[in-house]
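**Q** Before anything else, here's the structure in question.
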Amino acid sequence: MLDSALDLGFAALNPDPDQAIDDPLVSAVLLFKGGHLQVGSARRFTQADLRVTFPAAEGILQKVFEVGEPTSPRDIGYDPELGRVIAFRNCTSAYCFPLRSGF
């Protein structure tokens, strides 16, 4: 299910399949487990990136959870939490949004 969500997002951002082959899109779904976010599924993450966990106590992740609305930050490689992910270090923009159930 999580892989399908990443595939659909990729397809929506890359409507031309010929251009999508060389697209450096980095994507991930983060899920709460034990009070921290962990990677549920990802594209273009290193093996080390897949093991990173996030307390969501500062930076972009904290903002997304406090406000509960999507945000589109710049230079996420400098974020205090997301900057730990090697795959995000060269990203110049992002789209982060919380998925909530029961609303």
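In the structure tokens, chains take letters A, B, ... by order of appearance, with residues numbered from 1 within each chain and ligands from 1 in the order shown.
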Which residues in range 12-103 of chain A does DSSP call strand (DSSP E)? List them as a ChimeraX atom specification.
**A** /A:27-33,36-43,53-54
**Q** If you count only C-alpha atoms, which residues fall within 9 Å of range 90-102 of chain A, apart from same-chain ones fewer than 5 positions away, as a PyMOL selection string?
**A** chain A and resi 25-26+60-61+64-65+68-77
**Q** Using only C-alpha atoms, which of A:Gly34, A:Pro24, A:Gly59, A:Gly9 sits nearest Tyr78 in chain A?
**A**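 Of A:Gly34, A:Pro24, A:Gly59, A:Gly9, the one nearest Tyr78 in chain A, counting only C-alpha atoms, is A:Gly59.
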**Q** Determine the nearest neighbour of Leu30 in chain A from the options A:Ala11, A:Ala48, A:Leu6, A:Val67, counting only C-alpha atoms.
**A** A:Leu6
**Q** Please indicate the distance in Å from CA of Ala42 in chain A to CA of Leu8 in chain A, rounded to one decimal place.
**A**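 According to the coordinates, CA of Ala42 in chain A and CA of Leu8 in chain A are separated by 12.9 Å.
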**Q** Closest to Gly83 in chain A among A:Glu58, A:Asn14, A:Phe32, A:Met1, using only C-alpha atoms?
**A** A:Glu58
**Q** Kindly indicate which residue among A:Ser27, A:Glu81, A:Ala56, A:Glu66 lies nearest to Gly40 in chain A, using only C-alpha atoms for the distances.
**A**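 Using only C-alpha atoms, Gly40 in chain A sits closest to A:Ser27.
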**Q** Counting only C-alpha atoms, which of A:Val39, A:Arg84, A:Asp16, A:Thr53 gets nearest to Asp3 in chain A?
**A**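 Comparing A:Val39, A:Arg84, A:Asp16, A:Thr53 against Asp3 in chain A, the winner is A:Val39.
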**Q** If we count only C-alpha atoms and set the cut-off at 9 Å, which residues sit around Gln38 in chain A, ignoring sequence neighbours fewer than 5 positions away in its own chain? Please answer as a list in words.
**A**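 Listing them by chain and then by number gives Val29, Leu30, Leu31, Phe32, Lys33, Leu50, Arg51, Val52, Thr53 and Phe54 of chain A.
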